[in-house]
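Participant: Have a peek at input.txt (compact mmCIF, C-alpha atoms).
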```txt
# COMPACT_ATOMS: atom_id res chain seq x y z
CA PRO A 9 24.53 -11.68 3.66
CA LEU A 10 23.79 -15.39 3.88
CA VAL A 11 21.13 -16.84 1.61
CA GLN A 12 19.43 -20.19 2.15
CA ARG A 13 16.43 -22.03 0.77
CA CYS A 14 13.19 -22.12 2.70
CA SER A 15 13.15 -25.25 4.86
CA HIS A 16 9.43 -25.89 4.37
CA THR A 17 9.52 -28.36 1.46
CA GLY A 18 6.23 -30.20 1.83
CA SER A 19 3.98 -30.84 -1.14
CA ALA A 20 2.03 -27.65 -0.42
CA CYS A 21 5.09 -25.43 -0.55
CA CYS A 22 7.52 -24.20 -3.17
CA ASN A 23 11.16 -24.80 -2.25
CA ARG A 24 12.39 -22.08 -4.57
CA VAL A 25 11.90 -19.25 -2.10
CA GLN A 26 15.13 -17.76 -0.85
CA VAL A 27 15.51 -16.13 2.56
CA GLN A 28 17.99 -13.32 2.96
CA TRP A 29 19.23 -12.95 6.51
CA LEU A 30 19.77 -9.32 7.48
CA PRO A 31 21.95 -8.02 10.31
CA PRO A 32 19.18 -7.02 12.77
CA GLY A 33 17.87 -10.59 12.78
CA LEU A 34 14.79 -9.98 10.67
CA HIS A 35 14.28 -11.39 7.21
CA THR A 36 13.27 -10.34 3.73
CA LEU A 37 11.69 -12.94 1.47
CA HIS A 38 12.36 -13.10 -2.24
CA ALA A 39 9.98 -15.39 -4.14
CA VAL A 40 10.70 -16.49 -7.68
CA ALA A 41 7.98 -16.08 -10.27
CA GLU A 42 6.73 -19.65 -9.90
CA CYS A 43 6.02 -19.26 -6.17
CA MET A 44 2.45 -18.23 -5.41
CA PRO A 45 1.89 -15.42 -2.86
CA ARG A 46 0.08 -17.68 -0.40
CA ILE A 47 2.87 -20.24 -0.56
CA SER A 48 5.33 -17.40 0.03
CA ALA A 49 3.48 -16.60 3.25
CA LEU A 50 3.81 -20.22 4.40
CA CYS A 51 7.53 -20.17 3.67
CA ALA A 52 7.83 -16.86 5.51
CA ALA A 53 6.34 -18.42 8.60
CA ALA A 54 8.73 -21.35 8.39
CA ALA A 55 11.68 -18.99 8.08
CA LEU A 56 10.54 -17.15 11.21
CA GLY A 57 10.60 -20.28 13.31
CA CYS A 58 7.02 -21.55 13.06
CA ALA A 59 7.13 -25.33 13.37
CA GLU A 60 5.53 -27.16 10.47
CA GLY A 61 5.07 -24.05 8.34
CA LEU A 62 2.59 -21.73 10.02
CA ALA A 63 1.28 -24.19 12.62
CA ALA A 64 -0.89 -21.19 13.30
CA MET A 65 -3.93 -22.67 14.93
CA ASN A 66 -2.16 -22.65 18.32
CA ARG A 67 -0.48 -19.29 17.81
CA VAL A 68 -1.26 -15.67 18.46
CA GLY A 69 -1.28 -13.05 15.70
CA VAL A 70 -0.16 -9.51 16.44
CA VAL A 71 -1.26 -7.01 13.80
CA PHE A 72 0.27 -3.52 13.75
CA ASP A 73 -0.78 -0.23 12.26
CA ILE A 74 2.15 1.54 10.56
CA ASP A 75 2.21 5.31 11.15
CA GLY A 76 2.28 6.31 14.80
CA THR A 77 2.55 2.69 15.91
CA LEU A 78 5.54 1.03 14.21
CA ALA A 79 7.01 4.04 12.40
CA ASP A 80 7.77 7.49 13.77
CA SER A 81 6.64 9.08 10.50
CA PHE A 82 4.62 12.11 11.55
CA ARG A 83 6.99 14.61 9.94
CA LEU A 84 6.99 12.68 6.66
CA GLY A 85 3.18 12.63 6.44
CA PHE A 86 2.75 16.21 7.59
CA ASP A 87 5.35 17.66 5.24
CA ALA A 88 4.15 15.61 2.24
CA THR A 89 0.56 16.73 2.93
CA ASN A 90 1.46 20.42 2.95
CA MET A 91 3.67 20.00 -0.11
CA VAL A 92 0.73 18.62 -2.09
CA LEU A 93 -1.78 21.14 -0.74
CA GLN A 94 0.40 24.15 -1.55
CA ARG A 95 1.30 22.80 -4.97
CA ASN A 96 -2.45 22.75 -5.70
CA ALA A 97 -3.06 26.29 -4.36
CA PHE A 98 -4.58 25.20 -1.03
CA PRO A 99 -3.33 26.69 2.28
CA PRO A 100 -1.09 24.61 4.51
CA ILE A 101 -2.53 22.87 7.55
CA SER A 102 -1.42 22.83 11.18
CA GLU A 103 0.01 19.83 13.00
CA GLY A 104 -3.22 19.61 14.98
CA ASP A 105 -5.30 19.47 11.79
CA TYR A 106 -3.10 16.71 10.46
CA HIS A 107 -3.41 14.56 13.58
CA GLU A 108 -7.17 15.13 13.85
CA ASN A 109 -7.79 13.92 10.30
CA CYS A 110 -5.53 10.86 10.45
CA ILE A 111 -8.63 8.78 11.19
CA TYR A 112 -9.61 9.06 7.49
CA VAL A 113 -8.23 7.20 4.51
CA THR A 114 -5.84 9.29 2.43
CA PRO A 115 -8.24 10.57 -0.29
CA GLU A 116 -10.84 11.71 2.24
CA ARG A 117 -8.18 13.19 4.54
CA MET A 118 -6.65 15.21 1.72
CA ALA A 119 -10.04 16.52 0.57
CA ARG A 120 -10.94 17.56 4.11
CA HIS A 121 -7.61 19.36 4.48
CA ALA A 122 -8.21 21.16 1.19
CA VAL A 123 -11.89 22.16 1.34
CA GLY A 124 -13.12 21.13 4.78
CA GLU A 125 -15.29 18.22 3.61
CA HIS A 126 -15.07 15.03 1.63
CA ASP A 127 -14.98 15.66 -2.12
CA GLU A 128 -14.50 12.31 -3.85
CA ASP A 129 -12.95 13.55 -7.10
CA LEU A 130 -10.67 16.08 -5.42
CA GLY A 131 -9.68 13.59 -2.75
CA ARG A 132 -8.81 10.94 -5.31
CA ARG A 133 -6.57 13.36 -7.23
CA LEU A 134 -4.84 14.84 -4.17
CA GLY A 135 -4.56 11.42 -2.53
CA ALA A 136 -2.80 9.91 -5.53
CA GLU A 137 -0.36 12.83 -5.61
CA PHE A 138 0.24 12.48 -1.88
CA ASP A 139 0.92 8.75 -2.17
CA ARG A 140 3.55 9.35 -4.85
CA GLU A 141 5.34 11.89 -2.64
CA TYR A 142 4.90 9.91 0.56
CA ILE A 143 6.19 6.59 -0.74
CA ALA A 144 9.12 8.13 -2.62
CA LEU A 145 10.35 9.83 0.57
CA VAL A 146 10.28 6.75 2.81
CA SER A 147 13.62 6.09 4.53
CA THR A 148 14.87 5.17 7.97
CA GLU A 149 15.20 8.91 8.61
CA THR A 150 11.61 9.76 7.64
CA ALA A 151 9.84 6.53 8.70
CA GLY A 152 12.16 4.70 11.04
CA PHE A 153 10.79 2.41 13.72
CA TYR A 154 10.28 3.86 17.18
CA PRO A 155 13.13 3.03 19.56
CA GLY A 156 12.57 -0.35 21.16
CA LEU A 157 10.26 -1.70 18.47
CA ARG A 158 12.78 -3.92 16.73
CA PRO A 159 13.61 -5.84 19.94
CA LEU A 160 9.87 -6.14 20.60
CA LEU A 161 9.27 -7.64 17.15
CA GLU A 162 12.11 -10.09 17.75
CA ARG A 163 10.64 -11.06 21.13
CA LEU A 164 7.23 -11.59 19.53
CA ARG A 165 8.82 -13.77 16.85
CA ASP A 166 10.71 -15.77 19.45
CA SER A 167 7.50 -16.32 21.43
CA GLY A 168 5.93 -17.95 18.36
CA ALA A 169 3.66 -15.05 17.37
CA VAL A 170 2.88 -14.40 13.71
CA LEU A 171 2.85 -10.77 12.62
CA GLY A 172 0.70 -8.70 10.29
CA ALA A 173 0.44 -5.05 9.31
CA LEU A 174 -2.66 -3.07 8.34
CA THR A 175 -2.68 0.63 7.48
CA ASN A 176 -5.22 3.09 6.13
CA ALA A 177 -2.48 4.40 3.85
CA ALA A 178 -1.60 2.67 0.56
CA VAL A 179 -0.28 -0.86 0.85
CA ALA A 180 2.80 0.19 -1.16
CA TYR A 181 3.61 2.64 1.62
CA ALA A 182 3.39 -0.07 4.27
CA GLU A 183 5.62 -2.32 2.20
CA ALA A 184 8.16 0.49 1.76
CA VAL A 185 8.30 1.26 5.49
CA LEU A 186 8.82 -2.38 6.43
CA LEU A 187 11.46 -2.86 3.73
CA VAL A 188 13.59 0.16 4.67
CA ASN A 189 13.50 -0.97 8.29
CA ASN A 190 14.67 -4.48 7.26
CA ALA A 191 11.52 -6.00 8.72
CA ARG A 192 9.36 -7.08 5.76
CA GLY A 193 10.13 -10.78 6.15
CA ALA A 194 8.85 -10.78 9.73
CA PHE A 195 5.32 -10.00 8.54
CA GLY A 196 3.19 -12.76 7.08
CA SER A 197 0.52 -10.33 5.84
CA VAL A 198 0.61 -6.64 4.87
CA HIS A 199 -2.43 -4.66 3.71
CA GLY A 200 -3.52 -1.08 3.13
CA ALA A 201 -6.71 0.82 2.41
CA ASP A 202 -6.31 0.11 -1.30
CA SER A 203 -5.86 -3.66 -0.92
CA VAL A 204 -9.03 -4.43 1.07
CA GLU A 205 -12.66 -3.78 0.23
CA ARG A 206 -13.28 -1.34 3.07
CA ALA A 207 -10.69 0.46 5.17
CA LYS A 208 -10.71 0.86 8.95
CA PRO A 209 -12.94 1.31 10.95
CA PHE A 210 -14.61 -1.48 8.95
CA PRO A 211 -13.38 -4.98 9.83
CA ASP A 212 -12.41 -6.09 6.31
CA GLY A 213 -8.67 -5.50 6.65
CA CYS A 214 -8.41 -7.11 10.09
CA LEU A 215 -10.29 -10.15 8.82
CA ARG A 216 -8.10 -10.37 5.72
CA VAL A 217 -4.87 -10.24 7.72
CA ALA A 218 -6.11 -12.89 10.16
CA ALA A 219 -7.05 -15.15 7.25
CA ASP A 220 -3.65 -14.61 5.60
CA LEU A 221 -1.96 -15.63 8.85
CA GLY A 222 -4.14 -18.74 9.11
CA LEU A 223 -5.72 -17.56 12.36
CA GLU A 224 -9.20 -17.04 13.71
CA PRO A 225 -9.82 -13.35 14.53
CA GLU A 226 -10.14 -14.08 18.25
CA ALA A 227 -6.52 -15.30 18.23
CA CYS A 228 -5.29 -11.88 17.07
CA ILE A 229 -4.28 -8.66 18.82
CA TYR A 230 -4.43 -5.32 17.00
CA VAL A 231 -2.00 -2.54 17.94
CA GLY A 232 -2.75 0.96 16.64
CA ASP A 233 -2.80 4.64 17.49
CA ALA A 234 -6.29 5.73 16.33
CA PRO A 235 -9.85 5.07 17.52
CA THR A 236 -10.58 3.60 14.08
CA ASP A 237 -7.92 0.93 14.74
CA GLY A 238 -9.71 -0.25 17.85
CA ALA A 239 -13.09 -0.05 16.13
CA ALA A 240 -11.89 -2.25 13.25
CA ALA A 241 -10.41 -4.80 15.64
CA ARG A 242 -13.60 -4.95 17.69
CA ALA A 243 -15.79 -5.27 14.58
CA ALA A 244 -13.59 -8.11 13.33
CA GLY A 245 -13.81 -10.00 16.63
CA TYR A 246 -10.13 -9.70 17.52
CA GLY A 247 -9.16 -11.07 20.91
CA ALA A 248 -7.68 -7.77 22.07
CA ALA A 249 -6.78 -4.27 20.94
CA VAL A 250 -4.01 -2.05 22.30
CA GLY A 251 -3.98 1.71 21.70
CA CYS A 252 -0.72 3.65 21.41
CA SER A 253 -0.94 7.24 22.64
CA TYR A 254 2.59 7.97 21.42
CA GLY A 255 1.12 8.31 17.88
CA SER A 256 -1.43 10.78 16.55
CA HIS A 257 -4.11 10.56 19.27
CA ALA A 258 -4.04 11.32 22.97
CA ALA A 259 -4.65 8.63 25.57
CA SER A 260 -7.90 10.32 26.63
CA LYS A 261 -9.27 10.06 23.10
CA LEU A 262 -8.28 6.42 22.74
CA GLU A 263 -9.76 5.54 26.12
CA ALA A 264 -12.98 7.43 25.41
CA SER A 265 -13.51 5.42 22.23
CA GLY A 266 -14.12 2.31 24.34
CA HIS A 267 -12.45 0.11 21.74
CA PHE A 268 -9.17 -0.70 23.48
CA ASP A 269 -8.31 -3.19 26.21
CA ALA A 270 -5.23 -1.17 27.10
CA VAL A 271 -3.76 2.21 26.14
CA VAL A 272 0.02 2.59 26.34
CA ALA A 273 2.20 5.70 26.40
CA ASP A 274 5.40 4.26 24.89
CA VAL A 275 6.97 1.15 23.42
CA ALA A 276 8.11 -0.10 26.83
CA ALA A 277 4.50 0.00 28.04
CA LEU A 278 3.38 -1.74 24.84
CA GLU A 279 5.79 -4.58 25.55
CA LYS A 280 4.38 -4.89 29.09
CA ALA A 281 0.83 -4.99 27.69
CA LEU A 282 1.73 -7.79 25.24
CA PHE A 283 3.81 -9.73 27.78
CA PRO A 284 2.12 -9.23 31.17
CA ASP A 285 3.85 -10.35 34.35
CA GLY A 286 2.97 -13.55 36.13
CA PHE A 287 3.79 -16.12 33.44
CA ASP A 288 6.77 -18.46 33.15
CA ASP A 289 6.98 -18.22 29.35
CA ASP A 290 6.46 -15.45 26.81
CA ASP A 291 4.13 -17.58 24.72
CA GLU A 292 1.85 -18.09 27.73
CA ALA A 293 1.93 -14.39 28.57
CA LEU A 294 1.00 -13.41 25.02
CA ALA A 295 -1.77 -15.99 24.82
CA SER A 296 -3.26 -14.59 28.03
CA VAL A 297 -3.84 -11.26 26.29
CA VAL A 298 -6.25 -12.73 23.74
CA ARG A 299 -7.91 -14.74 26.51
CA GLY A 300 -8.51 -11.54 28.46
CA GLY A 301 -5.98 -12.36 31.15
```
Give the structure from the file, written as structure tokens.

Facilitator:
Amino acid sequence: PLVQRCSHTGSACCNRVQVQWLPPGLHTLHAVAECMPRISALCAAAALGCAEGLAAMNRVGVVFDIDGTLADSFRLGFDATNMVLQRNAFPPISEGDYHENCIYVTPERMARHAVGEHDEDLGRRLGAEFDREYIALVSTETAGFYPGLRPLLERLRDSGAVLGALTNAAVAYAEAVLLVNNARGAFGSVHGADSVERAKPFPDGCLRVAADLGLEPEACIYVGDAPTDGAAARAAGYGAAVGCSYGSHAASKLEASGHFDAVVADVAALEKALFPDGFDDDDEALASVVRGG
């Protein structure tokens, strides 16, 4: 693979970041020790085609959930959950139970699976064990992107959007999923429940990602598959929220939450929601979403 230096060499940036170009057209950033994380984010934006570094004030941010939105990872999460429960002498759960409890952060979800209610100590122990299993098993087979998502990410990049990811799983899991799918360099900010003060449905993570991207919340769109995703986006003041019923929650549940501007059944419909008809350019179409049409 070709390697080149980051082109953003202003006084605010470190020119010792290298960008590795990967076959699908997305990038992975490798920062040397001297390069600060925030400077790395600026260089990432430059590598993805953002004029003058981020130049983000006139851009739209699109922030994705991971499981059930970017990654088709249901089987990974379900199997790892039952593996941990049975190892600790708790009965296995059904697929329905798994989906229903995906609105909770991992420690609370695991405790509820085990004993039917939130037990902080038990949840912390089972959650840590789950995270170890879950992250170790990440691959393109267990957490590959849904068909059509890679071209959508490339179209978003080409339209000038900046991308973020926010999950209620561990941030290390989000990083692992993006890395195995050769997409980490496309995302200027990645956070999980353990890297923000309060997880979704609280707005902390959405606000943190917007700040990392250099955007006001109203310039961002959140894309997720759970009512808590829409609730977090609304609480943060995001310009729009799109619900994905191809993940863990049915369209009726997402619509009933009242938190989403649109609910889509598949990736093709998601692309239509982000790039509505009637505009000459993709950047105009995307900007219309945060303006409410």

Participant: Distance CA of Ala119 (chain A)-CA of Ala201 (chain A), one decimal place?

Facilitator: 16.2 Å

Participant: Which value, in Å to one decimal, gives the distance between CA of Ser102 (chain A) and CA of Phe72 (chain A)?

Facilitator: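 Straight-line distance from CA of Ser102 (chain A) to CA of Phe72 (chain A) works out to 26.5 Å.
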
Participant: My list of candidates is A:Leu160, A:Ala169, A:Ala184, A:Ile101. Which is closest to Ala227 (chain A) when distances are computed with only C-alpha atoms?

Facilitator: A:Ala169

Participant: For a quick check of understanding, using all atoms listed in the file, which of A:Leu282, A:Val113, A:Met118, A:Ala191 has the smallest distance to Pro209 (chain A)?

Facilitator: A:Val113

Participant: How far is it from CA of His107 (chain A) to CA of Ile229 (chain A), in Å with one decimal?

Facilitator: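 Between CA of His107 (chain A) and CA of Ile229 (chain A) the gap works out to 23.8 Å.
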
Participant: Smallest atom-to-atom distance to Arg163 (chain A): which of A:Glu292, A:Gly135, A:Phe283, A:Pro99, using all atoms listed in the file?

Facilitator: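 Checking each candidate against Arg163 (chain A), we get A:Phe283 as the closest.
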
Participant: Would you list the residues near (-12.0, 5.3, 8.2) (no more than 9 Å away, in the coordinates of the file, using only C-alpha atoms) as a ChimeraX atom specification?

Facilitator: /A:110-113,116,176,206-210,236-237

Participant: Per residue of region 83-180 of chain A within 9 Å of region 268-277 of chain A, record the nearest atom pair and its distance in Å to one decimal, counting only C-alpha atoms, with rows in chain order and ascending residue number, as a tab-separated table.

Facilitator:
```
residue	atom	partner	partner_atom	distance
A:Tyr154	CA	A:Val275	CA	7.6
A:Pro155	CA	A:Val275	CA	7.5
A:Gly156	CA	A:Val275	CA	6.2
A:Leu157	CA	A:Val275	CA	6.6
A:Leu160	CA	A:Val275	CA	8.3
```

Participant: Would you pick out the contacts of His257 (chain A) at 10 Å or less, using only C-alpha atoms, so that residues sharing its chain but fewer than 3 positions from it are not included, and give the list as a ChimeraX atom specification?

Facilitator: /A:76,107-108,110-111,233-235,251-254,260-262

Participant: Using only C-alpha atoms, find all polymer residues with an atom at most 7 Å away from the point (2.0, -14.8, 17.9); report them as a PyMOL selection string.

Facilitator: chain A and resi 67-70+164-165+167-171

Participant: Region 159-230 of chain A near region 78-86 of chain A within 12 Å: what's each residue's closest atom pair and its distance in Å to one decimal, counting all atoms listed in the file, ordered by chain then ascending residue number, as a tab-separated table?

Facilitator:
```
residue	atom	partner	partner_atom	distance
A:Leu160	CA	A:Leu78	CA	10.5
A:Leu161	CA	A:Leu78	CA	9.9
A:Gly172	CA	A:Leu78	CA	11.6
A:Ala173	CA	A:Leu78	CA	9.3
A:Leu174	CA	A:Leu78	CA	10.9
A:Thr175	CA	A:Leu78	CA	10.6
A:Ala177	CA	A:Gly85	CA	10.3
A:Tyr181	CA	A:Gly85	CA	11.1
A:Ala182	CA	A:Ala79	CA	9.8
A:Ala184	CA	A:Ala79	CA	11.3
A:Val185	CA	A:Ala79	CA	7.6
A:Leu186	CA	A:Ala79	CA	9.0
A:Leu187	CA	A:Ala79	CA	11.9
A:Val188	CA	A:Ala79	CA	10.9
A:Asn189	CA	A:Ala79	CA	9.2
A:Ala191	CA	A:Leu78	CA	10.7
```

Participant: Show me, as a list of chain:residue names, the residues that have an atom within 8 Å of Ala248 (chain A) when counting only C-alpha atoms, minus same-chain residues fewer than 5 positions from it.

Facilitator: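 My reading of the contact set: A:Glu226, A:Cys228, A:Ile229, A:Tyr230, A:Ala241, A:Arg242, A:Phe268, A:Asp269, A:Val297, A:Val298, A:Gly300.
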
Participant: Restricting the calculation to all atoms listed in the file, which member of A:Asp285, A:Asp202, A:Asp212, A:Glu224 is positioned closest to Ala136 (chain A)?

Facilitator: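 Comparing A:Asp285, A:Asp202, A:Asp212, A:Glu224 against Ala136 (chain A), the winner is A:Asp202.
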
Participant: Give the padded box for region 192-202 of chain A as JSON: axis-aligned, covering all atoms listed in the file, 6 Å on each side, centre and edge lengths in Å to one decimal.

Facilitator:
```
{"center_x": 1.7, "center_y": -6.0, "center_z": 4.2, "size_x": 28.8, "size_y": 25.6, "size_z": 23.0}
```

Participant: If I only have part of region 256-269 of chain A, can you fill in N, CA and C atoms and write it as a PDB file, in the frame of the given file?

Facilitator:
```pdb
ATOM      1  N   SER A 256      -0.713   9.556  16.908  1.00  0.00           N
ATOM      2  CA  SER A 256      -1.430  10.780  16.550  1.00  0.00           C
ATOM      3  C   SER A 256      -2.545  11.172  17.519  1.00  0.00           C
ATOM      4  N   HIS A 257      -2.941  10.283  18.433  1.00  0.00           N
ATOM      5  CA  HIS A 257      -4.110  10.560  19.270  1.00  0.00           C
ATOM      6  C   HIS A 257      -3.782  10.385  20.742  1.00  0.00           C
ATOM      7  N   ALA A 258      -4.299  11.317  21.543  1.00  0.00           N
ATOM      8  CA  ALA A 258      -4.040  11.320  22.970  1.00  0.00           C
ATOM      9  C   ALA A 258      -4.681  10.117  23.655  1.00  0.00           C
ATOM     10  N   ALA A 259      -4.123   9.758  24.811  1.00  0.00           N
ATOM     11  CA  ALA A 259      -4.650   8.630  25.570  1.00  0.00           C
ATOM     12  C   ALA A 259      -6.122   8.835  25.912  1.00  0.00           C
ATOM     13  N   SER A 260      -6.506  10.061  26.262  1.00  0.00           N
ATOM     14  CA  SER A 260      -7.900  10.320  26.630  1.00  0.00           C
ATOM     15  C   SER A 260      -8.852  10.017  25.485  1.00  0.00           C
ATOM     16  N   LYS A 261      -8.437  10.323  24.271  1.00  0.00           N
ATOM     17  CA  LYS A 261      -9.270  10.060  23.100  1.00  0.00           C
ATOM     18  C   LYS A 261      -9.378   8.564  22.822  1.00  0.00           C
ATOM     19  N   LEU A 262      -8.275   7.861  22.966  1.00  0.00           N
ATOM     20  CA  LEU A 262      -8.280   6.420  22.740  1.00  0.00           C
ATOM     21  C   LEU A 262      -9.133   5.715  23.800  1.00  0.00           C
ATOM     22  N   GLU A 263      -8.978   6.138  25.040  1.00  0.00           N
ATOM     23  CA  GLU A 263      -9.760   5.540  26.120  1.00  0.00           C
ATOM     24  C   GLU A 263     -11.242   5.827  25.964  1.00  0.00           C
ATOM     25  N   ALA A 264     -11.576   7.053  25.564  1.00  0.00           N
ATOM     26  CA  ALA A 264     -12.980   7.430  25.410  1.00  0.00           C
ATOM     27  C   ALA A 264     -13.677   6.666  24.302  1.00  0.00           C
ATOM     28  N   SER A 265     -12.904   6.161  23.333  1.00  0.00           N
ATOM     29  CA  SER A 265     -13.510   5.420  22.230  1.00  0.00           C
ATOM     30  C   SER A 265     -14.141   4.111  22.715  1.00  0.00           C
ATOM     31  N   GLY A 266     -13.609   3.566  23.805  1.00  0.00           N
ATOM     32  CA  GLY A 266     -14.120   2.310  24.340  1.00  0.00           C
ATOM     33  C   GLY A 266     -13.731   1.074  23.561  1.00  0.00           C
ATOM     34  N   HIS A 267     -12.802   1.230  22.614  1.00  0.00           N
ATOM     35  CA  HIS A 267     -12.450   0.110  21.740  1.00  0.00           C
ATOM     36  C   HIS A 267     -11.199  -0.643  22.166  1.00  0.00           C
ATOM     37  N   PHE A 268     -10.467  -0.123  23.149  1.00  0.00           N
ATOM     38  CA  PHE A 268      -9.170  -0.700  23.480  1.00  0.00           C
ATOM     39  C   PHE A 268      -9.179  -1.382  24.840  1.00  0.00           C
ATOM     40  N   ASP A 269      -8.472  -2.506  24.934  1.00  0.00           N
ATOM     41  CA  ASP A 269      -8.310  -3.190  26.210  1.00  0.00           C
ATOM     42  C   ASP A 269      -7.237  -2.527  27.056  1.00  0.00           C
TER      43      ASP A 269
END
```
